[in-house]
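Next comes my_file-v5.txt, a file with compact mmCIF, C-alpha atoms.
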```
# COMPACT_ATOMS: atom_id res chain seq x y z
CA MET A 421 -3.46 6.16 -27.67
CA ALA A 422 -5.59 9.33 -27.42
CA VAL A 423 -8.78 7.24 -27.51
CA GLN A 424 -7.45 4.90 -24.81
CA ASN A 425 -6.42 7.86 -22.65
CA SER A 426 -9.91 9.36 -23.01
CA VAL A 427 -11.55 6.08 -22.01
CA LEU A 428 -9.27 5.72 -19.00
CA THR A 429 -9.98 9.30 -17.95
CA GLU A 430 -13.73 8.68 -18.17
CA GLN A 431 -13.36 5.44 -16.21
CA GLY A 432 -11.26 7.30 -13.67
CA ALA A 433 -13.91 10.00 -13.26
CA ALA A 434 -16.58 7.36 -12.61
CA VAL A 435 -14.35 5.52 -10.16
CA GLN A 436 -13.44 8.75 -8.37
CA CYS A 437 -17.13 9.64 -7.96
CA GLY A 438 -17.81 6.29 -6.32
CA TYR A 439 -14.60 6.63 -4.33
CA LEU A 440 -15.74 9.98 -2.88
CA GLN A 441 -19.05 8.45 -1.77
CA GLU A 442 -17.15 5.57 -0.18
CA PHE A 443 -14.75 8.04 1.45
CA GLU A 444 -17.62 9.90 3.11
CA ALA A 445 -19.30 6.69 4.28
CA ASP A 446 -16.05 5.29 5.69
CA VAL A 447 -15.13 8.53 7.48
CA LEU A 448 -18.56 8.94 9.08
CA ALA A 449 -18.63 5.29 10.14
CA GLY A 450 -15.09 5.45 11.52
CA LEU A 451 -15.71 8.58 13.57
CA THR A 452 -18.77 7.05 15.25
CA ARG A 453 -16.82 4.10 16.67
CA GLN A 454 -15.70 3.98 20.30
CA GLN A 455 -12.11 3.90 19.02
CA LYS A 456 -12.34 6.42 16.22
CA THR A 457 -10.67 5.18 13.03
CA LEU A 458 -9.97 6.32 9.48
CA PRO A 459 -8.95 3.80 6.76
CA CYS A 460 -5.30 4.27 5.86
CA LYS A 461 -5.94 4.12 2.10
CA TYR A 462 -7.33 7.66 2.34
CA LEU A 463 -3.94 8.98 3.44
CA TYR A 464 -2.83 8.78 -0.18
CA ASP A 465 -4.47 11.66 -2.02
CA GLU A 466 -2.21 13.78 -4.25
CA ALA A 467 -0.75 15.76 -1.34
CA GLY A 468 -0.44 12.65 0.84
CA SER A 469 1.31 10.71 -1.93
CA LYS A 470 3.86 13.49 -2.34
CA LEU A 471 4.50 13.56 1.39
CA PHE A 472 4.93 9.79 1.40
CA GLU A 473 7.53 10.12 -1.36
CA GLU A 474 9.39 12.51 0.95
CA ILE A 475 9.11 10.00 3.80
CA CYS A 476 10.68 7.33 1.61
CA GLU A 477 13.76 9.51 1.22
CA LEU A 478 14.26 10.02 4.96
CA GLU A 479 17.16 8.42 6.78
CA ASP A 480 14.80 7.24 9.54
CA TYR A 481 12.52 5.42 7.07
CA TYR A 482 14.58 2.34 6.24
CA LEU A 483 11.84 0.36 4.43
CA THR A 484 12.04 1.80 0.92
CA ARG A 485 15.82 1.99 0.91
CA THR A 486 16.21 -1.59 2.21
CA GLU A 487 13.70 -3.03 -0.25
CA ALA A 488 15.37 -1.16 -3.14
CA ASN A 489 18.75 -2.60 -2.17
CA ILE A 490 17.34 -6.14 -2.12
CA PHE A 491 15.82 -5.63 -5.56
CA CYS A 492 19.05 -4.14 -6.90
CA GLU A 493 21.09 -7.13 -5.74
CA SER A 494 18.58 -9.85 -6.65
CA LEU A 495 16.66 -8.73 -9.75
CA PRO A 496 18.31 -11.24 -12.15
CA GLU A 497 17.53 -14.13 -9.79
CA MET A 498 13.96 -12.91 -9.34
CA ALA A 499 13.50 -12.58 -13.10
CA ASP A 500 14.78 -16.15 -13.59
CA LEU A 501 12.27 -17.49 -11.06
CA LEU A 502 9.39 -15.61 -12.68
CA GLY A 503 10.26 -17.08 -16.09
CA GLU A 504 9.68 -15.83 -19.62
CA SER A 505 6.57 -14.44 -21.34
CA VAL A 506 5.03 -13.46 -18.00
CA VAL A 507 2.15 -11.04 -17.46
CA LEU A 508 3.01 -8.84 -14.47
CA VAL A 509 0.00 -7.52 -12.52
CA GLU A 510 0.61 -4.81 -9.91
CA PRO A 511 -2.22 -3.85 -7.52
CA GLY A 512 -1.77 -0.40 -5.99
CA ALA A 513 0.85 0.38 -8.62
CA GLY A 514 1.10 4.14 -8.07
CA ASN A 515 3.83 5.55 -10.31
CA CYS A 516 5.01 2.01 -11.28
CA GLU A 517 8.65 2.86 -10.54
CA LYS A 518 9.30 -0.41 -8.71
CA ALA A 519 7.95 -2.56 -11.53
CA GLU A 520 9.90 -0.82 -14.29
CA PRO A 521 13.39 -2.23 -13.49
CA LEU A 522 11.89 -5.68 -12.89
CA LEU A 523 10.18 -5.61 -16.29
CA ALA A 524 13.43 -4.50 -17.93
CA CYS A 525 15.22 -7.47 -16.36
CA MET A 526 12.58 -10.11 -17.20
CA GLU A 527 12.88 -12.30 -20.28
CA SER A 528 10.29 -11.28 -22.90
CA PRO A 529 7.56 -10.11 -20.49
CA GLN A 530 4.19 -10.44 -22.21
CA ALA A 531 2.33 -7.53 -20.59
CA TYR A 532 2.14 -5.27 -17.57
CA TYR A 533 -1.21 -4.48 -15.94
CA PRO A 534 -0.90 -1.79 -13.24
CA LEU A 535 -4.03 -1.38 -11.11
CA ASP A 536 -4.61 1.87 -9.21
CA ILE A 537 -7.23 4.46 -8.35
CA SER A 538 -5.48 7.37 -10.14
CA PRO A 539 -5.74 7.48 -13.95
CA GLU A 540 -3.34 10.44 -14.28
CA ILE A 541 -0.48 8.69 -12.49
CA LEU A 542 -1.05 5.46 -14.43
CA LEU A 543 -1.15 7.18 -17.82
CA THR A 544 2.12 8.99 -17.11
CA ALA A 545 3.72 5.69 -16.04
CA GLN A 546 2.32 3.91 -19.10
CA GLN A 547 3.97 6.41 -21.45
CA ARG A 548 7.29 6.23 -19.59
CA ILE A 549 7.44 2.43 -19.54
CA GLN A 550 6.38 2.01 -23.17
CA ALA A 551 9.08 4.49 -24.21
CA ARG A 552 11.66 2.35 -22.39
CA LEU A 553 10.19 -1.04 -23.38
CA PRO A 554 8.42 -0.38 -26.68
CA GLY A 555 7.46 -4.03 -27.33
CA LEU A 556 5.65 -4.40 -24.01
CA GLU A 557 1.87 -4.15 -23.69
CA VAL A 558 1.07 -1.79 -20.81
CA ALA A 559 -2.64 -1.73 -19.99
CA PRO A 560 -3.61 0.33 -16.91
CA VAL A 561 -6.74 -0.64 -14.99
CA ILE A 562 -8.49 2.00 -12.88
CA GLY A 563 -9.89 0.78 -9.58
CA ASP A 564 -9.43 -0.05 -5.91
CA PHE A 565 -7.51 -3.33 -5.76
CA THR A 566 -9.27 -4.34 -2.54
CA ALA A 567 -12.56 -4.48 -4.46
CA PRO A 568 -13.25 -7.72 -6.40
CA GLU A 569 -14.85 -5.80 -9.29
CA ALA A 570 -11.54 -4.11 -10.08
CA TRP A 571 -9.97 -7.50 -10.78
CA ALA A 572 -12.80 -8.35 -13.17
CA ASP A 573 -11.61 -5.51 -15.42
CA LEU A 574 -8.16 -7.04 -15.93
CA PRO A 575 -7.58 -8.48 -19.43
CA GLU A 576 -7.71 -12.26 -19.68
CA THR A 577 -4.53 -14.05 -20.68
CA THR A 578 -3.32 -17.61 -21.21
CA HIS A 579 0.21 -16.68 -20.15
CA LYS A 580 1.68 -17.05 -16.67
CA ASN A 581 0.51 -14.25 -14.38
CA VAL A 582 2.60 -12.89 -11.53
CA ILE A 583 1.15 -10.44 -9.01
CA PHE A 584 3.75 -7.90 -7.91
CA PHE A 585 2.96 -6.50 -4.44
CA PRO A 586 5.99 -4.66 -3.04
CA GLY A 587 6.37 -1.84 -0.53
CA SER A 588 5.15 -3.78 2.53
CA THR A 589 1.60 -2.75 1.62
CA ILE A 590 0.49 -6.09 3.05
CA GLY A 591 1.40 -4.65 6.45
CA ASN A 592 -1.42 -2.10 6.28
CA PHE A 593 -3.95 -4.91 6.57
CA THR A 594 -4.92 -6.71 9.75
CA PRO A 595 -4.03 -10.42 9.83
CA GLU A 596 -7.63 -11.25 8.88
CA GLN A 597 -7.65 -8.70 6.06
CA ALA A 598 -4.24 -9.83 4.80
CA THR A 599 -5.46 -13.43 4.71
CA ALA A 600 -8.57 -12.40 2.75
CA LEU A 601 -6.54 -10.28 0.33
CA LEU A 602 -3.99 -13.00 -0.44
CA ARG A 603 -6.83 -15.48 -0.93
CA GLN A 604 -8.35 -13.01 -3.38
CA PHE A 605 -4.98 -12.90 -5.18
CA SER A 606 -4.71 -16.70 -5.32
CA GLN A 607 -8.28 -17.02 -6.64
CA PHE A 608 -7.47 -14.60 -9.46
CA LEU A 609 -4.41 -16.66 -10.38
CA LYS A 610 -4.22 -20.19 -11.75
CA ALA A 611 -1.96 -23.10 -10.79
CA GLY A 612 1.68 -22.22 -11.44
CA ASP A 613 1.08 -18.45 -11.40
CA GLY A 614 3.13 -16.42 -8.95
CA LEU A 615 3.23 -13.72 -6.30
CA LEU A 616 6.23 -11.48 -5.56
CA LEU A 617 5.54 -9.94 -2.16
CA GLY A 618 7.47 -7.40 -0.08
CA ALA A 619 7.03 -7.35 3.72
CA ASP A 620 8.66 -5.59 6.63
CA LEU A 621 10.05 -7.81 9.39
CA VAL A 622 9.87 -7.68 13.20
CA LYS A 623 12.84 -5.81 14.67
CA ASP A 624 13.90 -3.50 17.51
CA SER A 625 11.06 -1.17 18.51
CA VAL A 626 13.35 1.88 18.50
CA VAL A 627 14.10 1.37 14.80
CA LEU A 628 10.42 0.83 14.04
CA GLU A 629 9.10 3.82 15.95
CA ARG A 630 11.74 6.17 14.51
CA ALA A 631 10.61 5.18 11.01
CA TYR A 632 7.04 6.29 11.72
CA HIS A 633 7.85 9.28 13.94
CA ASP A 634 10.74 10.76 12.03
CA SER A 635 12.97 13.53 13.34
CA GLU A 636 11.97 15.84 10.45
CA HIS A 637 8.23 15.49 11.24
CA VAL A 638 7.26 14.61 7.66
CA THR A 639 5.17 11.65 8.85
CA GLU A 640 3.30 14.04 11.14
CA LEU A 641 2.39 16.19 8.11
CA PHE A 642 1.42 13.04 6.21
CA ASN A 643 -0.90 11.89 9.00
CA LYS A 644 -2.48 15.30 9.53
CA ASN A 645 -3.01 15.72 5.79
CA LEU A 646 -5.87 13.23 6.11
CA LEU A 647 -7.71 15.77 8.26
CA SER A 648 -7.03 18.47 5.66
CA ARG A 649 -8.41 16.15 2.99
CA ILE A 650 -11.60 15.62 5.00
CA ASN A 651 -11.93 19.40 5.39
CA CYS A 652 -11.56 19.89 1.63
CA GLU A 653 -13.61 16.99 0.28
CA LEU A 654 -16.21 16.38 3.02
CA ASN A 655 -16.84 19.91 4.30
CA GLY A 656 -15.01 19.24 7.55
CA ASN A 657 -13.64 21.79 10.01
CA PHE A 658 -10.77 19.92 11.67
CA ASP A 659 -8.19 22.22 13.26
CA THR A 660 -5.04 20.29 12.41
CA SER A 661 -3.07 22.19 15.06
CA ALA A 662 -5.42 20.74 17.70
CA PHE A 663 -4.22 17.19 16.93
CA ALA A 664 -0.83 15.59 17.48
CA HIS A 665 0.79 12.75 15.56
CA ARG A 666 1.56 9.60 17.57
CA ALA A 667 3.21 6.36 16.42
CA PHE A 668 4.20 3.40 18.57
CA TYR A 669 5.03 -0.29 18.23
CA HIS A 670 2.52 -2.73 19.71
CA ALA A 671 4.70 -5.78 20.40
CA HIS A 672 1.87 -8.25 21.05
CA ARG A 673 0.14 -7.38 17.75
CA GLN A 674 3.47 -7.01 15.91
CA ARG A 675 2.49 -3.70 14.39
CA VAL A 676 3.24 0.00 14.42
CA GLU A 677 0.08 2.03 15.02
CA MET A 678 -0.38 5.62 13.85
CA HIS A 679 -2.87 7.84 15.66
CA LEU A 680 -3.94 11.46 15.75
CA VAL A 681 -4.40 12.65 19.34
CA SER A 682 -6.88 15.37 20.26
CA LEU A 683 -5.07 18.00 22.30
CA LYS A 684 -8.26 19.34 23.89
CA ASP A 685 -11.98 18.74 24.28
CA GLN A 686 -13.48 19.79 20.96
CA THR A 687 -16.32 19.31 18.49
CA VAL A 688 -15.59 18.70 14.81
CA ALA A 689 -18.09 18.84 11.96
CA VAL A 690 -17.83 16.52 8.94
CA ALA A 691 -20.41 16.29 6.14
CA GLY A 692 -23.02 18.03 8.27
CA ARG A 693 -22.50 15.85 11.36
CA ASP A 694 -20.84 16.78 14.65
CA PHE A 695 -18.30 14.55 16.42
CA GLU A 696 -17.12 15.06 20.00
CA PHE A 697 -13.48 14.56 21.01
CA ARG A 698 -12.15 14.38 24.53
CA GLU A 699 -8.65 15.61 25.31
CA GLY A 700 -6.30 12.68 24.72
CA GLU A 701 -8.78 10.76 22.55
CA THR A 702 -7.27 9.37 19.35
CA ILE A 703 -8.16 8.61 15.76
CA HIS A 704 -6.44 5.41 14.66
CA THR A 705 -5.27 6.11 11.10
CA GLU A 706 -2.89 3.32 10.12
CA ASN A 707 -1.43 -0.04 11.07
CA SER A 708 1.86 -1.33 9.74
CA HIS A 709 2.09 -5.01 10.63
CA LYS A 710 5.50 -6.64 10.83
CA TYR A 711 6.21 -10.28 10.06
CA THR A 712 8.68 -12.95 10.99
CA LEU A 713 10.00 -15.08 8.14
CA PRO A 714 8.17 -18.20 9.45
CA GLY A 715 5.00 -16.13 9.93
CA LEU A 716 5.15 -14.82 6.37
CA LYS A 717 5.68 -18.34 5.02
CA ALA A 718 2.71 -19.63 7.02
CA LEU A 719 0.49 -16.79 5.73
CA LEU A 720 1.35 -17.66 2.13
CA GLN A 721 0.74 -21.37 2.70
CA LYS A 722 -2.71 -20.91 4.22
CA THR A 723 -3.85 -18.63 1.38
CA GLY A 724 -3.16 -21.04 -1.46
CA PHE A 725 0.49 -20.33 -2.21
CA SER A 726 3.61 -22.49 -2.15
CA PRO A 727 6.61 -20.35 -1.07
CA LYS A 728 9.57 -20.91 -3.40
CA HIS A 729 12.27 -18.45 -2.34
CA TYR A 730 12.87 -15.32 -0.30
CA TRP A 731 15.47 -12.57 -0.25
CA THR A 732 16.40 -10.40 2.71
CA ASP A 733 19.04 -7.87 3.75
CA ASN A 734 21.96 -8.72 6.04
CA LYS A 735 20.14 -7.27 9.07
CA GLN A 736 16.94 -9.15 8.22
CA HIS A 737 14.96 -5.93 8.39
CA TYR A 738 12.91 -6.67 5.28
CA ALA A 739 12.00 -9.62 3.05
CA ILE A 740 10.74 -10.25 -0.48
CA TYR A 741 9.02 -13.61 -0.98
CA TYR A 742 8.25 -15.40 -4.23
CA ALA A 743 5.46 -17.99 -4.10
CA GLU A 744 3.35 -19.86 -6.64
CA VAL A 745 -0.25 -20.99 -6.64
CA LEU A 746 -0.67 -24.67 -5.81
```
Go through the file and emit its structure as structure tokens.
Amino acid sequence: MAVQNSVLTEQGAAVQCGYLQEFEADVLAGLTRQQKTLPCKYLYDEAGSKLFEEICELEDYYLTRTEANIFCESLPEMADLLGESVVLVEPGAGNCEKAEPLLACMESPQAYYPLDISPEILLTAQQRIQARLPGLEVAPVIGDFTAPEAWADLPETTHKNVIFFPGSTIGNFTPEQATALLRQFSQFLKAGDGLLLGADLVKDSVVLERAYHDSEHVTELFNKNLLSRINCELNGNFDTSAFAHRAFYHAHRQRVEMHLVSLKDQTVAVAGRDFEFREGETIHTENSHKYTLPGLKALLQKTGFSPKHYWTDNKQHYAIYYAEVL
């Protein structure tokens, strides 16, 4: 185990080095656009991840609580549909806490391959899960799941693979990006393999906007933390107090948008380059797309999947879909 941990740590260091270079390139490119943007994946550094965990506990943020309730009520049925001797693959696994109860409920799962950028979080999760399920192979893979090369590092197996993609992470991608990502998933899988996907559903805009602009202002801290990260890692000089958090539901695009609004005319330096902001100008930091049940089914069908079953709450706020590769 010590040798494996050392290898994963070395792999993680190499990945993190490349990730920092990509971070700088993405930030500089995003800030030069007419509508300034920052990719939402960079919200989740160590501080951002902790803030997001706090968000998930908020009364206003219904998503995590609703998804957890669906899993709690339906895990045995989900496990039956997945079948026995399955290899569970989780892109963007984080602390793996959502996969753990599913694995415990499955019949003789063959292996669990969590894929994430952070080796420390994955190693901690690996030890926890193997202590609970000692017969299960847990093999973390370090990488960005949106990059095809990360999938090439996954161990090959002749068993049924199921990709586990909860948390409505699919909503952070534009429709075009979501289509490309699910096609990437289906190309990794073989006929009969599966996908267990969590997605947030279209609902009243008041409920949606409250979830992303909570009364305790934790989401504001989460959004502004991205500026603090740029200051720390890219030699930036953002004044976080000179930006305001804004979140709103765009009905036509069926998405909540998060922005940071400049409260004055100002110049900000990042990685040796200056960027001008007008008062009221925004940085678009995140999208959270919402789906209808028919829309989610159609997305799965056009990306190589055959939808088999879905579960939702009694308000139809959230859905978990199971589909298999054709």
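Atom pair CA of Gln604 in chain A / CA of Asp536 in chain A: separated by 16.4 Å.
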What are the nearest atom pairs, with distances in Å to one decimal, for all residues of range 444-527 of chain A that come at most 9 Å from range 538-554 of chain A, using all atoms listed in the file, set out by chain and rising residue number as a tab-separated table?
```
residue	atom	partner	partner_atom	distance
A:Ala513	CA	A:Leu542	CA	7.9
A:Gly514	CA	A:Ile541	CA	6.5
A:Asn515	CA	A:Ala545	CA	5.7
A:Cys516	CA	A:Ala545	CA	6.2
A:Glu517	CA	A:Ala545	CA	7.9
A:Glu520	CA	A:Ile549	CA	6.6
A:Leu523	CA	A:Leu553	CA	8.4
A:Ala524	CA	A:Leu553	CA	7.2
```
#### Entry: Point-to-point distance from CA of Leu647 in chain A to CA of Leu458 in chain A, Å rounded to tenths
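The value is 9.8 Å.
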### Task
Identify, on the basis of all atoms listed in the file, every residue whose closest approach to Cys652 in chain A does not exceed 12 Å; exclude the query and any residue fewer than 4 positions from it along the same chain; express the result as a ChimeraX atom specification.
/A:440,444,465,467,645-648,656-658,690-691
### Query
Taking into account all atoms listed in the file, which residue in the set A:Gly468, A:Gln455, A:Pro511, A:Thr723 is nearest to Leu680 in chain A?
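Selected residue with least distance to Leu680 in chain A: A:Gln455.
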### Message
With all atoms listed in the file as the counted atoms, please give the residues lying no more than 10 Å from range 672-676 of chain A, apart from itself and same-chain residues fewer than 6 positions off, as a VMD selection string.
### Response
chain A and resid 591 to 592 594 to 595 621 to 623 625 628 to 629 631 to 632 706 to 712
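Nearest to Arg693 in chain A of all the residues A:Glu477, A:Leu654, A:Val582, A:Pro560 is A:Leu654, counting all atoms listed in the file.
Residues in contact range of Gly503 in chain A, defined as at most 8 Å between only C-alpha atoms, with sequence neighbours fewer than 4 positions away removed, read Ala499, Met526 and Glu527 of chain A.
Shortest atom-to-atom contact with Cys525 in chain A among A:Ile537, A:Leu615, A:Leu609, A:Met498: A:Met498, counting only C-alpha atoms.
Here CA of Pro568 in chain A stands at a distance of 15.3 Å from CA of Pro534 in chain A.
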Taking (7.4, -2.8, 3.0) in the file's own coordinates, collect the residues within 8 Å, counting all atoms listed in the file, and hand them back as a compact mmCIF listing (two decimals) with C-alpha atoms, in the frame of the given file.
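Below is the file that was written, selection_10.txt:
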```txt
# COMPACT_ATOMS: atom_id res chain seq x y z
CA LEU A 483 11.84 0.36 4.43
CA THR A 484 12.04 1.80 0.92
CA GLU A 487 13.70 -3.03 -0.25
CA PRO A 586 5.99 -4.66 -3.04
CA GLY A 587 6.37 -1.84 -0.53
CA SER A 588 5.15 -3.78 2.53
CA THR A 589 1.60 -2.75 1.62
CA ILE A 590 0.49 -6.09 3.05
CA GLY A 591 1.40 -4.65 6.45
CA GLY A 618 7.47 -7.40 -0.08
CA ALA A 619 7.03 -7.35 3.72
CA ASP A 620 8.66 -5.59 6.63
CA TYR A 738 12.91 -6.67 5.28
```
### Task
Give the answer as one residue: which of A:Ser494, A:Thr599, A:Thr578, A:Asn489 has the shortest atom-to-atom distance to Gly715 in chain A, using all atoms listed in the file?
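Closest to Gly715 in chain A, using all atoms listed in the file: A:Thr599.
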### Task
List every protein, DNA or RNA residue that has an atom no more than 7 Å from (3.9, -21.0, -0.3) in the file's coordinate frame, counting all atoms listed in the file, and report them as a PyMOL selection string.
chain A and resi 717+720-721+725-728+743-744
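Among the candidate residues A:His704, A:Lys518, A:Lys735, A:Arg666, the one lying nearest to Asp624 in chain A is A:Lys735, with distances computed using all atoms listed in the file.
Distances to Glu701 in chain A were evaluated for A:Ser469, A:Gln454, A:Thr639, A:Gln441 using all atoms listed in the file, and the minimum falls at A:Gln454.
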